[in-house]
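Listing of upload-v5.txt, compact mmCIF, C-alpha atoms
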```
# COMPACT_ATOMS: atom_id res chain seq x y z
CA MET A 1 -35.56 -8.29 -9.42
CA SER A 2 -33.64 -6.51 -6.66
CA LYS A 3 -35.36 -5.96 -3.37
CA THR A 4 -33.85 -2.47 -3.17
CA THR A 5 -35.68 0.24 -5.08
CA ALA A 6 -34.78 3.88 -5.60
CA SER A 7 -37.38 5.05 -3.07
CA ALA A 8 -36.33 2.50 -0.47
CA ALA A 9 -32.60 2.62 -1.00
CA GLU A 10 -31.93 4.92 1.95
CA SER A 11 -33.67 2.62 4.43
CA PRO A 12 -31.07 0.90 6.66
CA HIS A 13 -33.09 -2.29 6.37
CA ASN A 14 -32.84 -2.37 2.58
CA GLY A 15 -29.20 -1.50 2.11
CA PHE A 16 -27.72 1.24 -0.04
CA GLU A 17 -27.98 2.48 -3.59
CA THR A 18 -26.08 0.61 -6.29
CA PRO A 19 -26.94 2.47 -9.52
CA THR A 20 -24.11 0.97 -11.59
CA LEU A 21 -24.98 -2.56 -10.49
CA ASP A 22 -28.66 -1.94 -11.27
CA THR A 23 -27.76 -0.75 -14.78
CA GLU A 24 -24.97 -3.19 -15.62
CA SER A 25 -26.30 -6.34 -13.95
CA PRO A 26 -28.10 -7.85 -16.99
CA THR A 27 -25.07 -7.36 -19.25
CA LEU A 28 -22.64 -8.64 -16.62
CA LEU A 29 -24.73 -11.73 -15.88
CA HIS A 30 -25.01 -12.48 -19.60
CA SER A 31 -21.24 -12.25 -19.93
CA ILE A 32 -20.76 -14.53 -16.92
CA SER A 33 -23.07 -17.15 -18.44
CA GLU A 34 -21.14 -16.96 -21.73
CA HIS A 35 -18.03 -17.94 -19.75
CA GLY A 36 -19.68 -20.94 -18.16
CA GLY A 37 -21.00 -19.33 -14.99
CA TYR A 38 -24.53 -20.71 -15.25
CA ALA A 39 -24.69 -21.66 -11.57
CA TYR A 40 -23.46 -18.21 -10.61
CA VAL A 41 -26.18 -16.53 -12.67
CA ARG A 42 -28.93 -18.68 -11.12
CA MET A 43 -27.76 -17.94 -7.59
CA ALA A 44 -27.13 -14.25 -8.31
CA SER A 45 -30.82 -13.69 -9.04
CA LEU A 46 -31.62 -15.06 -5.58
CA ALA A 47 -28.88 -12.96 -4.01
CA ALA A 48 -30.29 -9.81 -5.62
CA SER A 49 -33.65 -10.51 -4.00
CA GLY A 50 -32.12 -10.73 -0.52
CA ASP A 51 -31.11 -14.38 -0.10
CA VAL A 52 -27.94 -14.14 1.99
CA ARG A 53 -27.00 -17.80 1.48
CA ALA A 54 -27.16 -17.26 -2.26
CA ALA A 55 -25.04 -14.10 -1.91
CA GLU A 56 -22.39 -16.01 0.02
CA ALA A 57 -22.54 -18.83 -2.54
CA VAL A 58 -21.92 -16.56 -5.55
CA ARG A 59 -19.08 -14.85 -3.71
CA GLU A 60 -17.46 -18.23 -3.11
CA MET A 61 -17.95 -19.20 -6.76
CA ALA A 62 -16.25 -16.02 -7.95
CA TRP A 63 -13.48 -16.43 -5.35
CA GLU A 64 -12.68 -19.87 -6.72
CA GLN A 65 -12.42 -18.43 -10.22
CA LEU A 66 -10.04 -15.72 -8.98
CA HIS A 67 -7.77 -18.45 -7.62
CA SER A 68 -8.03 -20.81 -10.57
CA GLY A 69 -4.60 -19.78 -11.87
CA PRO A 70 -2.11 -16.88 -12.06
CA TRP A 71 -3.78 -13.51 -11.55
CA HIS A 72 -3.01 -12.31 -15.07
CA SER A 73 -4.93 -15.29 -16.48
CA VAL A 74 -8.15 -14.57 -14.55
CA LEU A 75 -10.91 -13.38 -16.86
CA PRO A 76 -11.96 -9.78 -16.04
CA VAL A 77 -15.60 -10.82 -15.95
CA TRP A 78 -14.92 -12.93 -12.83
CA ARG A 79 -13.35 -9.96 -11.08
CA ASP A 80 -16.53 -7.99 -11.73
CA ALA A 81 -18.58 -11.00 -10.65
CA TYR A 82 -16.72 -11.00 -7.35
CA SER A 83 -17.46 -7.28 -6.85
CA MET A 84 -21.14 -7.92 -7.56
CA ALA A 85 -21.26 -10.70 -4.98
CA CYS A 86 -19.49 -8.52 -2.40
CA LEU A 87 -22.12 -5.81 -2.87
CA HIS A 88 -24.91 -8.34 -2.28
CA VAL A 89 -23.22 -9.66 0.86
CA ALA A 90 -22.55 -6.15 2.15
CA LYS A 91 -26.19 -5.15 1.64
CA HIS A 92 -27.27 -8.02 3.86
CA HIS A 93 -24.87 -7.06 6.66
CA TYR A 94 -25.74 -3.38 6.38
CA GLY A 95 -29.46 -4.15 6.64
CA ASN A 96 -28.76 -6.08 9.86
CA GLY A 97 -26.69 -3.26 11.31
CA GLU A 98 -23.50 -5.32 10.94
CA PHE A 99 -21.37 -2.46 9.68
CA LYS A 100 -17.94 -4.00 10.27
CA GLU A 101 -18.89 -7.08 8.28
CA ALA A 102 -20.37 -4.89 5.53
CA LEU A 103 -17.14 -2.88 5.31
CA ARG A 104 -15.04 -6.01 5.07
CA ALA A 105 -17.16 -7.32 2.17
CA LEU A 106 -16.90 -3.98 0.36
CA ASP A 107 -13.13 -3.72 0.90
CA MET A 108 -12.72 -7.22 -0.48
CA GLY A 109 -14.67 -6.12 -3.53
CA ILE A 110 -12.20 -3.26 -4.05
CA ILE A 111 -9.05 -5.28 -3.36
CA MET A 112 -9.94 -8.38 -5.37
CA GLY A 113 -12.70 -7.23 -7.71
CA GLY A 114 -12.80 -5.46 -11.05
CA ASN A 115 -13.40 -1.82 -11.93
CA LEU A 116 -16.94 -2.03 -13.35
CA LEU A 117 -18.69 -1.58 -10.00
CA ARG A 118 -16.04 0.53 -8.30
CA LYS A 119 -18.26 3.62 -7.97
CA ASP A 120 -20.92 1.58 -6.18
CA LEU A 121 -18.30 0.09 -3.84
CA ASP A 122 -16.84 3.50 -3.01
CA SER A 123 -20.26 5.05 -2.46
CA ALA A 124 -21.36 2.18 -0.22
CA ILE A 125 -18.15 2.38 1.81
CA GLY A 126 -18.78 6.08 2.44
CA LYS A 127 -22.28 5.38 3.68
CA VAL A 128 -21.39 2.35 5.82
CA SER A 129 -18.30 4.05 7.28
CA GLU A 130 -20.39 6.99 8.42
CA LYS A 131 -22.88 4.66 10.11
CA ALA A 132 -20.06 2.75 11.80
CA ARG A 133 -18.40 5.94 13.07
CA ASN A 134 -21.69 7.24 14.44
CA LEU A 135 -22.24 3.95 16.23
CA ARG A 136 -18.78 4.06 17.81
CA VAL A 137 -19.39 7.59 19.04
CA SER A 138 -22.73 6.66 20.59
CA ASP A 139 -21.21 3.56 22.19
CA ARG A 140 -18.15 5.59 23.32
CA SER A 141 -16.14 2.59 22.11
CA CYS A 142 -13.12 4.74 21.28
CA GLN A 143 -12.61 5.46 24.98
CA ASP A 144 -10.49 2.33 25.27
CA PHE A 145 -7.82 3.98 23.12
CA GLY A 146 -7.90 7.37 24.75
CA SER A 147 -6.93 6.50 28.30
CA ASP A 148 -3.16 6.51 27.70
CA ASP A 149 -0.70 8.17 25.33
CA HIS A 150 -2.31 8.78 21.96
CA ARG A 151 0.96 8.90 20.02
CA LEU A 152 1.86 6.06 17.69
CA VAL A 153 5.58 6.89 17.84
CA ASP A 154 7.48 8.26 20.84
CA LEU A 155 9.88 11.16 20.40
CA ASP A 156 12.75 9.43 22.23
CA PHE A 157 15.45 8.20 19.86
CA ASP A 158 18.94 6.90 20.70
CA VAL A 159 21.18 7.35 17.64
CA SER A 160 24.05 5.40 19.19
CA LYS A 161 21.88 2.29 19.54
CA VAL A 162 20.56 2.67 16.02
CA LEU A 163 24.05 2.84 14.54
CA GLN A 164 24.74 -0.65 15.87
CA LEU A 165 21.90 -2.00 13.70
CA LEU A 166 22.84 -0.30 10.44
CA PRO A 167 25.11 -1.60 7.65
CA VAL A 168 28.85 -1.02 7.94
CA LYS A 169 30.03 2.59 7.34
CA SER A 170 26.52 4.03 7.76
CA LEU A 171 26.40 7.81 8.36
CA ALA A 172 30.21 7.92 8.32
CA SER A 173 30.76 9.17 4.80
CA LYS A 174 28.79 11.51 2.53
CA LEU A 175 25.27 12.48 3.62
CA VAL A 176 22.39 13.29 1.27
CA VAL A 177 22.15 17.03 0.66
CA LYS A 178 19.33 18.68 2.62
CA ARG A 179 17.44 21.78 1.46
CA SER A 180 14.73 23.70 3.28
CA ALA A 181 11.57 24.63 1.34
CA LEU A 182 13.34 24.02 -1.96
CA SER A 183 11.82 25.98 -4.84
CA LEU A 184 10.56 24.06 -7.86
CA GLU A 185 13.04 25.95 -10.06
CA LYS A 186 15.99 24.94 -7.88
CA PHE A 187 14.72 21.38 -7.67
CA LEU A 188 14.59 21.15 -11.47
CA LYS A 189 17.98 22.72 -12.02
CA ASP A 190 20.00 21.18 -9.19
CA HIS A 191 18.45 17.75 -8.75
CA TYR A 192 15.86 16.62 -11.32
CA LEU A 193 17.93 17.39 -14.42
CA SER A 194 21.22 16.31 -12.88
CA GLY A 195 19.75 13.19 -11.33
CA SER A 196 20.97 13.76 -7.78
CA PRO A 197 19.09 12.92 -4.54
CA VAL A 198 18.02 15.61 -2.11
CA ILE A 199 16.18 15.80 1.21
CA ILE A 200 13.53 18.52 1.21
CA SER A 201 12.49 19.80 4.62
CA ASP A 202 9.74 22.22 5.68
CA CYS A 203 7.38 21.21 2.88
CA MET A 204 4.79 19.07 4.70
CA ALA A 205 3.67 21.39 7.51
CA HIS A 206 0.33 22.01 5.75
CA TRP A 207 -0.49 18.30 5.48
CA PRO A 208 -3.26 17.21 7.89
CA ALA A 209 -1.41 13.88 8.01
CA LYS A 210 1.50 15.58 9.78
CA LYS A 211 -0.76 16.18 12.78
CA ASN A 212 -3.22 13.29 12.45
CA TRP A 213 -1.24 10.16 11.64
CA ASN A 214 0.75 9.99 14.85
CA ASN A 215 -2.53 9.84 16.75
CA LYS A 216 -3.78 6.30 17.26
CA ASP A 217 -7.31 7.46 18.04
CA TYR A 218 -7.53 9.32 14.73
CA LEU A 219 -6.31 6.35 12.68
CA LEU A 220 -8.73 4.02 14.44
CA ARG A 221 -11.62 6.41 13.89
CA VAL A 222 -11.13 6.91 10.16
CA ALA A 223 -9.74 3.49 9.16
CA GLY A 224 -9.98 1.05 12.07
CA ASP A 225 -12.68 -1.15 10.55
CA ARG A 226 -11.24 -1.20 7.04
CA THR A 227 -9.61 -4.34 5.64
CA VAL A 228 -6.10 -3.99 4.19
CA PRO A 229 -3.49 -6.40 2.75
CA VAL A 230 -0.35 -6.74 4.84
CA GLU A 231 2.82 -8.75 4.34
CA LEU A 232 4.39 -11.19 6.79
CA VAL A 233 8.04 -12.16 6.62
CA SER A 234 9.69 -15.13 8.32
CA ASP A 235 12.49 -17.64 7.78
CA ASP A 236 10.10 -20.53 8.39
CA LEU A 237 6.77 -19.13 7.28
CA THR A 238 4.38 -21.66 5.81
CA PRO A 239 1.40 -20.05 4.04
CA THR A 240 -1.94 -21.41 5.20
CA HIS A 241 -5.54 -20.98 4.09
CA PRO A 242 -7.56 -18.94 4.76
CA SER A 243 -5.26 -16.50 6.60
CA SER A 244 -2.98 -16.14 3.60
CA VAL A 245 -4.25 -14.83 0.30
CA THR A 246 -2.89 -13.86 -3.08
CA ILE A 247 -3.43 -10.11 -3.46
CA PRO A 248 -3.43 -8.94 -7.08
CA SER A 249 -0.25 -7.00 -7.78
CA ARG A 250 -2.06 -4.98 -10.44
CA PHE A 251 -4.07 -3.19 -7.71
CA CYS A 252 -2.49 0.24 -7.80
CA PHE A 253 -3.28 3.95 -7.67
CA SER A 254 -4.28 4.45 -11.29
CA HIS A 255 -5.13 0.82 -12.11
CA GLN A 256 -2.79 1.38 -15.06
CA VAL A 257 0.65 0.71 -13.56
CA VAL A 258 2.49 -2.06 -15.35
CA GLU A 259 1.79 -5.27 -13.46
CA LEU A 260 5.34 -6.57 -13.90
CA GLU A 261 6.90 -3.50 -12.31
CA MET A 262 4.83 -3.80 -9.16
CA HIS A 263 5.41 -7.53 -8.93
CA GLU A 264 9.17 -7.14 -9.33
CA ILE A 265 9.43 -4.92 -6.31
CA LYS A 266 7.38 -7.20 -4.08
CA VAL A 267 9.57 -10.13 -5.07
CA GLU A 268 12.89 -8.35 -4.57
CA ARG A 269 11.92 -6.92 -1.25
CA PHE A 270 11.94 -10.33 0.35
CA ALA A 271 14.31 -12.23 -1.92
CA SER A 272 16.98 -12.30 0.77
CA TYR A 273 14.77 -12.34 3.83
CA GLY A 274 13.06 -15.73 3.94
CA TYR A 275 9.50 -16.56 3.00
CA TRP A 276 6.64 -14.12 2.87
CA LYS A 277 2.90 -14.16 2.47
CA GLN A 278 0.08 -11.67 2.31
CA GLU A 279 -2.75 -11.52 4.79
CA LEU A 280 -5.98 -9.53 5.05
CA VAL A 281 -6.52 -7.82 8.41
CA THR A 282 -8.45 -4.84 9.72
CA PHE A 283 -6.46 -1.65 10.05
CA SER A 284 -7.09 -1.71 13.81
CA GLU A 285 -5.50 -5.17 14.02
CA PHE A 286 -2.56 -3.91 12.00
CA LEU A 287 -2.09 -0.99 14.42
CA ASP A 288 -2.22 -3.43 17.34
CA ARG A 289 0.62 -5.39 15.75
CA ILE A 290 2.65 -2.20 15.31
CA ARG A 291 2.08 -1.31 18.96
CA SER A 292 3.33 -4.77 19.94
CA HIS A 293 6.56 -4.24 17.95
CA GLY A 294 5.08 -5.37 14.65
CA CYS A 295 4.70 -8.98 15.64
CA SER A 296 2.08 -11.54 14.80
CA PRO A 297 2.33 -15.31 15.41
CA SER A 298 3.88 -15.56 11.93
CA GLY A 299 6.36 -12.67 12.11
CA PRO A 300 6.67 -8.89 11.48
CA THR A 301 3.77 -7.25 9.68
CA TYR A 302 4.24 -4.60 7.00
CA LEU A 303 1.68 -2.65 4.96
CA ALA A 304 3.96 -2.11 2.00
CA GLN A 305 3.53 -0.62 -1.48
CA HIS A 306 -0.22 -0.59 -1.07
CA PRO A 307 -2.47 2.09 -2.67
CA LEU A 308 -4.14 2.75 0.67
CA PHE A 309 -5.27 6.21 -0.37
CA ASP A 310 -7.18 4.91 -3.36
CA GLN A 311 -9.02 2.65 -0.93
CA ILE A 312 -9.49 4.88 2.14
CA ASN A 313 -10.49 8.35 1.04
CA GLU A 314 -10.26 9.86 4.54
CA LEU A 315 -6.51 9.21 4.58
CA ARG A 316 -6.12 10.49 1.02
CA LYS A 317 -7.49 13.86 2.12
CA ASP A 318 -4.67 14.11 4.66
CA ILE A 319 -1.89 14.35 2.06
CA PHE A 320 -1.10 16.44 -1.01
CA ILE A 321 0.86 15.57 -4.12
CA PRO A 322 4.10 17.61 -3.94
CA ASP A 323 4.60 20.10 -6.76
CA TYR A 324 7.96 18.44 -7.41
CA CYS A 325 6.07 15.43 -8.80
CA PHE A 326 5.03 17.47 -11.81
CA ALA A 327 8.62 18.38 -12.69
CA GLY A 328 9.53 17.61 -16.27
CA GLY A 329 5.90 17.55 -17.39
CA GLY A 330 5.45 13.93 -16.33
CA GLU A 331 2.47 12.27 -14.71
CA LEU A 332 1.95 10.50 -11.41
CA ARG A 333 2.23 6.75 -11.83
CA SER A 334 1.53 5.51 -8.32
CA LEU A 335 0.84 6.74 -4.80
CA ASN A 336 1.57 4.11 -2.16
CA ALA A 337 1.64 3.63 1.60
CA TRP A 338 4.52 2.07 3.54
CA PHE A 339 3.40 1.52 7.14
CA GLY A 340 5.25 -0.76 9.52
CA PRO A 341 7.21 -1.27 12.73
CA ALA A 342 10.87 -0.58 13.44
CA GLY A 343 13.20 -3.01 11.72
CA THR A 344 11.32 -3.47 8.44
CA ILE A 345 13.81 -3.51 5.58
CA THR A 346 13.65 -2.96 1.85
CA PRO A 347 16.80 -4.62 0.42
CA LEU A 348 19.00 -2.87 -2.12
CA HIS A 349 17.15 -2.27 -5.41
CA HIS A 350 16.29 0.43 -7.92
CA ASP A 351 13.01 1.70 -9.40
CA PRO A 352 12.16 2.83 -12.95
CA HIS A 353 10.53 6.15 -12.03
CA HIS A 354 11.24 9.40 -10.24
CA ASN A 355 10.36 8.92 -6.60
CA ILE A 356 9.63 11.19 -3.66
CA LEU A 357 9.42 9.38 -0.33
CA ALA A 358 7.57 11.47 2.25
CA GLN A 359 8.25 10.54 5.87
CA VAL A 360 5.04 11.41 7.72
CA VAL A 361 5.61 9.59 11.03
CA GLY A 362 8.83 8.16 12.46
CA LYS A 363 12.32 7.83 10.98
CA LYS A 364 14.05 5.76 8.30
CA TYR A 365 17.65 5.09 7.38
CA ILE A 366 18.25 5.20 3.61
CA ARG A 367 21.42 4.43 1.65
CA LEU A 368 21.75 5.30 -2.05
CA TYR A 369 24.19 4.27 -4.78
CA PRO A 370 24.21 5.97 -8.23
CA ALA A 371 23.00 4.09 -11.29
CA SER A 372 26.55 4.14 -12.64
CA LEU A 373 27.50 1.49 -10.04
CA SER A 374 24.89 -1.03 -11.19
CA GLU A 375 27.41 -3.59 -12.40
CA GLU A 376 29.39 -3.40 -9.14
CA LEU A 377 26.20 -4.07 -7.14
CA PHE A 378 25.60 -7.42 -8.85
CA PRO A 379 21.97 -7.33 -10.02
CA TYR A 380 20.23 -10.68 -10.30
CA SER A 381 20.32 -12.09 -13.82
CA GLU A 382 16.69 -13.25 -13.69
CA THR A 383 14.32 -10.81 -15.40
CA MET A 384 11.93 -10.64 -12.45
CA LEU A 385 14.77 -9.64 -10.11
CA SER A 386 16.96 -7.59 -12.44
CA ASN A 387 16.26 -4.42 -10.44
CA SER A 388 17.54 -6.08 -7.25
CA SER A 389 21.05 -6.52 -5.90
CA GLN A 390 22.43 -9.86 -4.74
CA VAL A 391 24.30 -7.93 -2.03
CA ASP A 392 22.78 -8.12 1.46
CA LEU A 393 24.04 -4.90 3.05
CA ASP A 394 23.20 -6.20 6.52
CA ASP A 395 25.53 -9.18 6.06
CA VAL A 396 27.86 -8.63 3.11
CA ASP A 397 29.53 -11.77 1.79
CA GLU A 398 33.04 -10.34 1.41
CA MET A 399 34.32 -13.48 -0.32
CA LYS A 400 31.68 -13.13 -3.03
CA PHE A 401 31.54 -9.33 -3.16
CA PRO A 402 34.97 -8.14 -1.97
CA LYS A 403 34.77 -4.59 -3.36
CA VAL A 404 31.21 -3.64 -2.32
CA GLN A 405 32.28 -2.11 0.98
CA ASP A 406 34.55 0.31 -0.91
CA LEU A 407 31.84 1.67 -3.21
CA GLU A 408 30.85 5.30 -2.69
CA PHE A 409 27.33 6.03 -1.51
CA VAL A 410 25.27 8.72 0.18
CA ASP A 411 22.97 8.05 3.10
CA CYS A 412 20.73 9.75 5.64
CA ILE A 413 18.25 9.42 8.43
CA LEU A 414 15.01 10.67 6.91
CA GLU A 415 13.29 12.58 9.68
CA GLU A 416 9.59 13.06 10.30
CA GLY A 417 8.28 15.82 8.02
CA GLU A 418 11.00 15.41 5.37
CA MET A 419 10.86 14.23 1.76
CA LEU A 420 13.61 12.40 -0.11
CA TYR A 421 13.93 12.63 -3.89
CA ILE A 422 15.31 9.39 -5.39
CA PRO A 423 16.15 9.67 -9.10
CA PRO A 424 15.30 6.78 -11.46
CA LYS A 425 17.69 3.80 -11.37
CA TRP A 426 19.41 4.95 -8.17
CA TRP A 427 19.95 1.93 -5.93
CA HIS A 428 18.54 2.28 -2.44
CA TYR A 429 18.32 0.33 0.79
CA VAL A 430 15.74 1.33 3.41
CA ARG A 431 15.38 0.42 7.10
CA SER A 432 12.68 1.72 9.45
CA LEU A 433 14.31 2.96 12.66
CA THR A 434 11.01 3.48 14.46
CA THR A 435 7.41 2.69 13.70
CA SER A 436 7.11 4.42 10.36
CA LEU A 437 4.32 5.79 8.18
CA SER A 438 5.62 6.86 4.75
CA VAL A 439 4.13 7.76 1.38
CA SER A 440 5.85 7.28 -1.97
CA PHE A 441 5.05 9.28 -5.09
CA TRP A 442 6.25 7.80 -8.39
CA TRP A 443 6.08 9.87 -11.55
CA SER A 444 7.26 9.29 -15.10
CA GLU A 445 9.16 11.41 -17.58
CA GLY A 446 7.12 13.84 -19.68
CA GLU A 447 6.13 12.85 -23.20
CA THR A 448 8.23 14.42 -25.93
CA SER A 449 5.50 14.20 -28.56
CA SER A 450 2.96 16.99 -28.93
CA PRO A 451 -0.56 16.33 -27.66
CA SER A 452 -3.05 15.12 -30.20
```

This entry written out as structure tokens:
Amino acid sequence: MSKTTASAAESPHNGFETPTLDTESPTLLHSISEHGGYAYVRMASLAASGDVRAAEAVREMAWEQLHSGPWHSVLPVWRDAYSMACLHVAKHHYGNGEFKEALRALDMGIIMGGNLLRKDLDSAIGKVSEKARNLRVSDRSCQDFGSDDHRLVDLDFDVSKVLQLLPVKSLASKLVVKRSALSLEKFLKDHYLSGSPVIISDCMAHWPAKKNWNNKDYLLRVAGDRTVPVELVSDDLTPTHPSSVTIPSRFCFSHQVVELEMHEIKVERFASYGYWKQELVTFSEFLDRIRSHGCSPSGPTYLAQHPLFDQINELRKDIFIPDYCFAGGGELRSLNAWFGPAGTITPLHHDPHHNILAQVVGKKYIRLYPASLSEELFPYSETMLSNSSQVDLDDVDEMKFPKVQDLEFVDCILEEGEMLYIPPKWWHYVRSLTTSLSVSFWWSEGETSSPS
């Protein structure tokens, strides 16, 4: 029987309410035992009654099951088992006033766990985050970050220096069309239906993110203690345990995005740029790496294609889904964050959905080729990389790809506060010119069949 009761749930010494866990625990434990988790079930009863060593033990048991093979082969019951264990561990830390440790356990439950206990995890995170913020205010611990410039990105920008870093012929040909406060009707007629890119300016002024995200103090206050998956890239990177971890590619905004699609993009992004691994760090540590030019002992750090806003609700409140994303009667497929230092690159590839890339902080260079040039851009023949080009625009092999430099393209520098519409199947290459915080909105075509 759980130590926490409804009447005692609000006591900081007893933890927080977990109504779904309380209801679903018998069924979940029975299912775990049916799949051979007898030791887990025995220890889970001790964990529920407050035994922290038992809570840590069941979390380790579930963790081992999550890494017993490819992610798609992991039984869903073990993902829920991991979430259950994380809740037990977090309750212990919360009762001891160890709010950072509690948040890390809860974030791990979201990132690696199943959906059964998601409401309990979200509710607990809200409660623990509030306690942690109140503690920081009382300790005046944020003063360390307020003594100098609060801005994450400086306004100074030397275009001439940037041009030396970009692929050949950049910004020397046809630029992406730019429209101010484009109406939905004009967007549909001139760009969505015709499948042509466009930069939309003056459409993010009402976003709280426009004011908040370039402030380091704000980001630390609302997300500093949260754990997020980041990616490290290096020519000689050797993954090690426990700093490296396999993050499930199925973790996405709706939890319904096709796993293969998400995995394809992660693979292609680094296919030509050495080895990569994923690492779990606090958001404050990630910001420190950005401030030190994105470096860690292993290489540049990038928070890429991560559903950060599904995980950190405070940041989700800072943005709005553009009306353009409902063009054609489709539905939003994913909402992802792309945060990283200057120099992070997404190699040439295409995506299956309509895409609006919103540049909240900083600047990016983007080059686009129409879908009609797919054959000339030499996609990989392997299925997993078929949406990726073999051409490295930063170092084109002219012997192997002699005509690539002559292909027509459009490009741009996407400025802070602008959105870029990228039609499906359009090839694009992206380079961050400064520290950059971007948001991508993917949406699908509308269904032609009538609703049932």

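Taking only C-alpha atoms into account, Asn313 of chain A lies nearest to A:Gly126 out of the set A:Gly329, A:Pro197, A:Pro402, A:Gly126.
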
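With distances taken over all atoms listed in the file, A:Gly328 is the one residue among A:Gly15, A:Gly328, A:Pro70, A:Pro322 lying closest to Gly446 of chain A.
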
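For the pair atom CA of Tyr365 of chain A and atom CA of Ala172 of chain A, the separation is 12.9 Å.
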
Could you give me, as CSV, a per-residue list for segment 155-243 of chain A showing, wherever an atom lies at most 8 Å from an atom of segment 379-398 of chain A, the closest pair of atoms and their distance in Å to one decimal, using all atoms listed in the file and sorting by chain then residue number from low to high?
```
residue,atom,partner,partner_atom,distance
A:Leu166,CA,A:Asp394,CA,7.1
A:Pro167,CA,A:Asp394,CA,5.1
A:Val168,CA,A:Asp394,CA,7.8
```

Which residues of segment 171-217 of chain A sit at most 10 Å from segment 404-414 of chain A, using all atoms listed in the file? Give each one's shortest atom pair and distance in Å (one decimal place), in chain and ascending residue order, as a Markdown table.
```
| residue | atom | partner | partner_atom | distance |
| --- | --- | --- | --- | --- |
| A:Leu171 | CA | A:Asp411 | CA | 6.3 |
| A:Ala172 | CA | A:Asp411 | CA | 8.9 |
| A:Ser173 | CA | A:Val410 | CA | 7.2 |
| A:Lys174 | CA | A:Val410 | CA | 5.1 |
| A:Leu175 | CA | A:Asp411 | CA | 5.0 |
| A:Val176 | CA | A:Val410 | CA | 5.5 |
| A:Val177 | CA | A:Val410 | CA | 8.9 |
| A:Lys178 | CA | A:Cys412 | CA | 9.5 |
| A:Pro197 | CA | A:Val410 | CA | 8.8 |
| A:Ile199 | CA | A:Leu414 | CA | 7.8 |
| A:Ile200 | CA | A:Leu414 | CA | 9.8 |
| A:Ser201 | CA | A:Leu414 | CA | 9.7 |
```

Would you mind exporting C-alpha atoms of the selected residues as a short mmCIF file (atom, residue, chain, number, x, y, z; two decimals), in the frame of the given file?
```cif
data_model
loop_
_atom_site.label_atom_id
_atom_site.label_comp_id
_atom_site.auth_asym_id
_atom_site.auth_seq_id
_atom_site.Cartn_x
_atom_site.Cartn_y
_atom_site.Cartn_z
CA LEU A 171 26.40 7.81 8.36
CA ALA A 172 30.21 7.92 8.32
CA SER A 173 30.76 9.17 4.80
CA LYS A 174 28.79 11.51 2.53
CA LEU A 175 25.27 12.48 3.62
CA VAL A 176 22.39 13.29 1.27
CA VAL A 177 22.15 17.03 0.66
CA LYS A 178 19.33 18.68 2.62
CA PRO A 197 19.09 12.92 -4.54
CA ILE A 199 16.18 15.80 1.21
CA ILE A 200 13.53 18.52 1.21
CA SER A 201 12.49 19.80 4.62
#
```

Find the residues near segment 429-444 of chain A: any atom within 8 Å, counting all atoms listed in the file, skip ones fewer than 3 places away on the same chain, and give them as an mmCIF file with C-alpha atoms, in the frame of the given file.
```
data_model
loop_
_atom_site.group_PDB
_atom_site.id
_atom_site.type_symbol
_atom_site.label_atom_id
_atom_site.label_comp_id
_atom_site.auth_asym_id
_atom_site.auth_seq_id
_atom_site.Cartn_x
_atom_site.Cartn_y
_atom_site.Cartn_z
ATOM 1 C CA LEU A 152 1.860 6.060 17.690
ATOM 2 C CA VAL A 153 5.580 6.890 17.840
ATOM 3 C CA VAL A 162 20.560 2.670 16.020
ATOM 4 C CA TRP A 213 -1.240 10.160 11.640
ATOM 5 C CA ILE A 290 2.650 -2.200 15.310
ATOM 6 C CA ILE A 321 0.860 15.570 -4.120
ATOM 7 C CA CYS A 325 6.070 15.430 -8.800
ATOM 8 C CA PHE A 326 5.030 17.470 -11.810
ATOM 9 C CA GLY A 330 5.450 13.930 -16.330
ATOM 10 C CA GLU A 331 2.470 12.270 -14.710
ATOM 11 C CA LEU A 332 1.950 10.500 -11.410
ATOM 12 C CA ARG A 333 2.230 6.750 -11.830
ATOM 13 C CA SER A 334 1.530 5.510 -8.320
ATOM 14 C CA LEU A 335 0.840 6.740 -4.800
ATOM 15 C CA ASN A 336 1.570 4.110 -2.160
ATOM 16 C CA ALA A 337 1.640 3.630 1.600
ATOM 17 C CA TRP A 338 4.520 2.070 3.540
ATOM 18 C CA PHE A 339 3.400 1.520 7.140
ATOM 19 C CA GLY A 340 5.250 -0.760 9.520
ATOM 20 C CA PRO A 341 7.210 -1.270 12.730
ATOM 21 C CA ALA A 342 10.870 -0.580 13.440
ATOM 22 C CA GLY A 343 13.200 -3.010 11.720
ATOM 23 C CA THR A 344 11.320 -3.470 8.440
ATOM 24 C CA ILE A 345 13.810 -3.510 5.580
ATOM 25 C CA THR A 346 13.650 -2.960 1.850
ATOM 26 C CA PRO A 347 16.800 -4.620 0.420
ATOM 27 C CA LEU A 348 19.000 -2.870 -2.120
ATOM 28 C CA HIS A 349 17.150 -2.270 -5.410
ATOM 29 C CA HIS A 353 10.530 6.150 -12.030
ATOM 30 C CA HIS A 354 11.240 9.400 -10.240
ATOM 31 C CA ASN A 355 10.360 8.920 -6.600
ATOM 32 C CA ILE A 356 9.630 11.190 -3.660
ATOM 33 C CA LEU A 357 9.420 9.380 -0.330
ATOM 34 C CA ALA A 358 7.570 11.470 2.250
ATOM 35 C CA GLN A 359 8.250 10.540 5.870
ATOM 36 C CA VAL A 360 5.040 11.410 7.720
ATOM 37 C CA VAL A 361 5.610 9.590 11.030
ATOM 38 C CA GLY A 362 8.830 8.160 12.460
ATOM 39 C CA LYS A 363 12.320 7.830 10.980
ATOM 40 C CA LYS A 364 14.050 5.760 8.300
ATOM 41 C CA TYR A 365 17.650 5.090 7.380
ATOM 42 C CA ILE A 366 18.250 5.200 3.610
ATOM 43 C CA ARG A 367 21.420 4.430 1.650
ATOM 44 C CA LEU A 368 21.750 5.300 -2.050
#
```
